[in-house]
Amino acid sequence: RQHSEWHTNILCAILDMSFDDGRFPRLYDARKKIAQQFDKGDVIEYIRESRRISNPSDRIRYMTDCTELEREEIVRLIVDAGEIPASIENVYPALWNYWRRFSFSGGEFSGVLTKYFQDYKRQKLLGRIEPSFMEALRDFAEDRPQFALPTRESVLEGIAADGIALCWIDALGCEFLGFIQSFAERLGLKLKVTPVRVKLPSITSFNRSFYDEWQGDKMPPVSRLDKIKHGAFEKSYEPSTDAPTELPHELIVVEESINAIAMRLRKKPGSKVVLTSDHGATRLA
């Protein structure tokens with residue numbers, strides 16, 4: 001019994017302390033180090049015990065980004081809270097960087113793109129679709145302002161392939177640009193973004209000629225992001241239909257891909273990598 005009580009205290013003691021307590025940050029940092037050693041059963045127990053805290057925005061403060069189940073729980077709690085709390089910046093920095101606003105530039109359509117993808121990310125994180133957004137989608141379908149964007153092929157054809165490697169992440173959408181930008185800044189990489197459009201159908205087999213015909217170096221294609229979007233990830237112990245619990249898995253794939261690009265650039269000073277995709281992906285498509 002003593003061992004059981006000791007184990008529970010190590011696991012859940014922080015839940016008895018207010019996050020406003022001056023000791024909380026130190027205890028939180030200590031728990032974050034220990035949490036990496038927890039097994040799945042421990043994490044499930046902790047998440048269940050955390051439900052004694054009724055306010056979902058408050059409960060987020062007791063989660064960490066060290067375990068897969070806690071990352072998914074944070075996403076669920078955002079949906080329950082109906083808002084994206086500022087505490088996410090400290091609790092789950094990668095998710096905060098995903099939420100980071102990315103500002104497109106260079107054309108009349110840039111403001112529309114900036115607003116569209118920020119609105120999209122907000123609704124994805126909150127697990128809902130707003131009527132005003134559906135109206136915007138109908139306007140895009142009828143007026144097609146996106147056709148002012150250049151095609152991916154025309155942009156790639158204008159890039160000299162010598163000394164430039166092509167990296168293809170299957171289903172990489174513009175929703176990840178803020179996340180990619182934050183990584184580039186942290187790693188000291190220069191980033192230039194050119195939004196393009198692709199031709200339908202947006203099926204990989206119809207949209208890979210850009211990769212096959214590239215004359216320069218190629219990094220191995222990354223297909224895991226597309227597979228996750230099609231449901232190929234281990235669902236947690238309590239699946240949710242509204243919360244985007246696939247998102248933490250997607251962020252890991254993008255993070256690993258950017259790290260691979262950075263490693264290649266460090267090995268070849270002065271080189272460049274073109275990061276592109278066969279198509280984007282939204283839950284509204």
# chains A, B, ... in the order shown; residues from 1 in each chain; ligands from 1
call {"tool": "select_by_dssp", "arguments": {"residues": "region 77-178 of chain A", "states": "alpha helix (DSSP H)", "output": "PyMOL selection string"}}
result
chain A and resi 77-81+88-91+93-99+110-126+131-143+152-157+177-178
call {"tool": "residues_around", "arguments": {"residues": "region 64-80 of chain A", "least_positions_apart": "2", "cutoff": "10 Å", "atoms": "only C-alpha atoms", "output": "PyMOL selection string"}}
result
chain A and resi 28-29+31-40+43-44+46-47+55-62+82-85+88+90-95+123-128+235-249
call {"tool": "closest_residue", "arguments": {"among": "A:Glu175, A:Asp21, A:Glu256, A:Asp212", "to": "Phe117 (chain A)", "atoms": "only C-alpha atoms"}}
result
A:Glu175
call {"tool": "atom_distance", "arguments": {"atom1": "CA of Leu166 (chain A)", "atom2": "CA of Trp214 (chain A)"}}
result
7.6 Å
call {"tool": "residues_around", "arguments": {"residues": "Val198 (chain A)", "least_positions_apart": "6", "cutoff": "10 Å", "atoms": "only C-alpha atoms", "output": "PDB file with all heavy atoms, in the first residue's frame"}}
result
ATOM      1  N   PHE A 147      -7.469  31.039 -58.624  1.00  0.00           N
ATOM      2  CA  PHE A 147      -6.877  30.783 -59.942  1.00  0.00           C
ATOM      3  C   PHE A 147      -5.884  31.869 -60.339  1.00  0.00           C
ATOM      4  O   PHE A 147      -5.188  31.730 -61.346  1.00  0.00           O
ATOM      5  CB  PHE A 147      -7.978  30.652 -61.002  1.00  0.00           C
ATOM      6  CG  PHE A 147      -8.549  29.263 -61.104  1.00  0.00           C
ATOM      7  CD1 PHE A 147      -9.071  28.627 -59.992  1.00  0.00           C
ATOM      8  CD2 PHE A 147      -8.540  28.583 -62.306  1.00  0.00           C
ATOM      9  CE1 PHE A 147      -9.585  27.354 -60.058  1.00  0.00           C
ATOM     10  CE2 PHE A 147      -9.050  27.293 -62.390  1.00  0.00           C
ATOM     11  CZ  PHE A 147      -9.573  26.677 -61.268  1.00  0.00           C
ATOM     12  N   LEU A 149      -3.362  32.411 -58.534  1.00  0.00           N
ATOM     13  CA  LEU A 149      -2.077  31.869 -58.089  1.00  0.00           C
ATOM     14  C   LEU A 149      -1.404  31.112 -59.223  1.00  0.00           C
ATOM     15  O   LEU A 149      -2.071  30.476 -60.051  1.00  0.00           O
ATOM     16  CB  LEU A 149      -2.282  30.919 -56.904  1.00  0.00           C
ATOM     17  CG  LEU A 149      -2.824  31.517 -55.605  1.00  0.00           C
ATOM     18  CD1 LEU A 149      -3.131  30.405 -54.613  1.00  0.00           C
ATOM     19  CD2 LEU A 149      -1.824  32.498 -55.020  1.00  0.00           C
ATOM     20  N   PRO A 150      -0.066  31.121 -59.270  1.00  0.00           N
ATOM     21  CA  PRO A 150       0.634  30.326 -60.287  1.00  0.00           C
ATOM     22  C   PRO A 150       0.510  28.835 -59.975  1.00  0.00           C
ATOM     23  O   PRO A 150       0.259  28.449 -58.833  1.00  0.00           O
ATOM     24  CB  PRO A 150       2.090  30.795 -60.156  1.00  0.00           C
ATOM     25  CG  PRO A 150       2.206  31.238 -58.728  1.00  0.00           C
ATOM     26  CD  PRO A 150       0.874  31.836 -58.376  1.00  0.00           C
ATOM     27  N   THR A 151       0.669  28.006 -60.990  1.00  0.00           N
ATOM     28  CA  THR A 151       0.651  26.560 -60.748  1.00  0.00           C
ATOM     29  C   THR A 151       1.984  26.130 -60.140  1.00  0.00           C
ATOM     30  O   THR A 151       3.000  26.797 -60.322  1.00  0.00           O
ATOM     31  CB  THR A 151       0.417  25.771 -62.045  1.00  0.00           C
ATOM     32  OG1 THR A 151       1.518  26.004 -62.921  1.00  0.00           O
ATOM     33  CG2 THR A 151      -0.878  26.192 -62.721  1.00  0.00           C
ATOM     34  N   ARG A 152       1.966  25.038 -59.432  1.00  0.00           N
ATOM     35  CA  ARG A 152       3.199  24.506 -58.852  1.00  0.00           C
ATOM     36  C   ARG A 152       4.222  24.230 -59.941  1.00  0.00           C
ATOM     37  O   ARG A 152       5.409  24.540 -59.793  1.00  0.00           O
ATOM     38  CB  ARG A 152       2.889  23.224 -58.078  1.00  0.00           C
ATOM     39  CG  ARG A 152       4.121  22.515 -57.510  1.00  0.00           C
ATOM     40  CD  ARG A 152       3.762  21.129 -57.024  1.00  0.00           C
ATOM     41  NE  ARG A 152       3.062  20.400 -58.063  1.00  0.00           N
ATOM     42  CZ  ARG A 152       2.041  19.567 -57.825  1.00  0.00           C
ATOM     43  NH1 ARG A 152       1.623  19.347 -56.607  1.00  0.00           N
ATOM     44  NH2 ARG A 152       1.445  18.946 -58.835  1.00  0.00           N
ATOM     45  N   GLU A 153       3.775  23.629 -61.063  1.00  0.00           N
ATOM     46  CA  GLU A 153       4.698  23.270 -62.138  1.00  0.00           C
ATOM     47  C   GLU A 153       5.398  24.494 -62.724  1.00  0.00           C
ATOM     48  O   GLU A 153       6.606  24.468 -62.996  1.00  0.00           O
ATOM     49  CB  GLU A 153       3.946  22.512 -63.245  1.00  0.00           C
ATOM     50  CG  GLU A 153       3.625  21.059 -62.899  1.00  0.00           C
ATOM     51  CD  GLU A 153       2.546  20.920 -61.827  1.00  0.00           C
ATOM     52  OE1 GLU A 153       1.802  21.903 -61.609  1.00  0.00           O
ATOM     53  OE2 GLU A 153       2.460  19.839 -61.211  1.00  0.00           O
ATOM     54  N   ASN A 207      -0.592  13.506 -59.230  1.00  0.00           N
ATOM     55  CA  ASN A 207       0.072  14.754 -58.863  1.00  0.00           C
ATOM     56  C   ASN A 207       1.504  14.550 -58.404  1.00  0.00           C
ATOM     57  O   ASN A 207       1.950  15.184 -57.457  1.00  0.00           O
ATOM     58  CB  ASN A 207      -0.731  15.447 -57.754  1.00  0.00           C
ATOM     59  CG  ASN A 207      -1.591  16.572 -58.291  1.00  0.00           C
ATOM     60  OD1 ASN A 207      -1.083  17.487 -58.930  1.00  0.00           O
ATOM     61  ND2 ASN A 207      -2.880  16.499 -58.033  1.00  0.00           N
ATOM     62  N   SER A 277       4.634  19.937 -52.167  1.00  0.00           N
ATOM     63  CA  SER A 277       3.737  18.806 -51.949  1.00  0.00           C
ATOM     64  C   SER A 277       2.937  18.498 -53.194  1.00  0.00           C
ATOM     65  O   SER A 277       2.902  19.301 -54.136  1.00  0.00           O
ATOM     66  CB  SER A 277       2.789  19.103 -50.788  1.00  0.00           C
ATOM     67  OG  SER A 277       2.025  17.962 -50.469  1.00  0.00           O
ATOM     68  N   ASP A 278       2.303  17.332 -53.203  1.00  0.00           N
ATOM     69  CA  ASP A 278       1.413  16.977 -54.307  1.00  0.00           C
ATOM     70  C   ASP A 278       0.087  17.713 -54.175  1.00  0.00           C
ATOM     71  O   ASP A 278      -0.546  18.084 -55.136  1.00  0.00           O
ATOM     72  CB  ASP A 278       1.188  15.463 -54.356  1.00  0.00           C
ATOM     73  CG  ASP A 278       0.805  14.878 -53.015  1.00  0.00           C
ATOM     74  OD1 ASP A 278       0.974  15.563 -51.986  1.00  0.00           O
ATOM     75  OD2 ASP A 278       0.336  13.737 -52.980  1.00  0.00           O
ATOM     76  N   HIS A 279      -0.355  17.900 -52.941  1.00  0.00           N
ATOM     77  CA  HIS A 279      -1.616  18.609 -52.683  1.00  0.00           C
ATOM     78  C   HIS A 279      -1.660  18.970 -51.209  1.00  0.00           C
ATOM     79  O   HIS A 279      -0.937  18.410 -50.385  1.00  0.00           O
ATOM     80  CB  HIS A 279      -2.832  17.740 -53.050  1.00  0.00           C
ATOM     81  CG  HIS A 279      -2.826  16.398 -52.353  1.00  0.00           C
ATOM     82  ND1 HIS A 279      -3.239  16.228 -51.045  1.00  0.00           N
ATOM     83  CD2 HIS A 279      -2.454  15.159 -52.786  1.00  0.00           C
ATOM     84  CE1 HIS A 279      -3.130  14.967 -50.714  1.00  0.00           C
ATOM     85  NE2 HIS A 279      -2.642  14.275 -51.733  1.00  0.00           N
ATOM     86  N   GLY A 280      -2.520  19.898 -50.857  1.00  0.00           N
ATOM     87  CA  GLY A 280      -2.767  20.205 -49.462  1.00  0.00           C
ATOM     88  C   GLY A 280      -3.871  19.279 -48.968  1.00  0.00           C
ATOM     89  O   GLY A 280      -4.273  18.335 -49.657  1.00  0.00           O
TER      90      GLY A 280
END
call {"tool": "select_by_dssp", "arguments": {"residues": "region 86-269 of chain A", "states": "strand (DSSP E or B)", "output": "PyMOL selection string"}}
result
chain A and resi 151+164-169+197+218+222
call {"tool": "closest_residue", "arguments": {"among": "A:Ile228, A:Leu265, A:Ala148, A:Ala86", "to": "Lys190 (chain A)", "atoms": "only C-alpha atoms"}}
result
A:Leu265
call {"tool": "residues_around", "arguments": {"residues": "Glu213 (chain A)", "least_positions_apart": "3", "cutoff": "12 Å", "atoms": "only C-alpha atoms", "output": "PyMOL selection string"}}
result
chain A and resi 153+156-157+161+166+207-210+216-218
call {"tool": "residues_around", "arguments": {"residues": "Lys192 (chain A)", "least_positions_apart": "2", "cutoff": "10 Å", "atoms": "only C-alpha atoms", "output": "number ranges by chain"}}
result
A: 181, 189-190, 194, 274
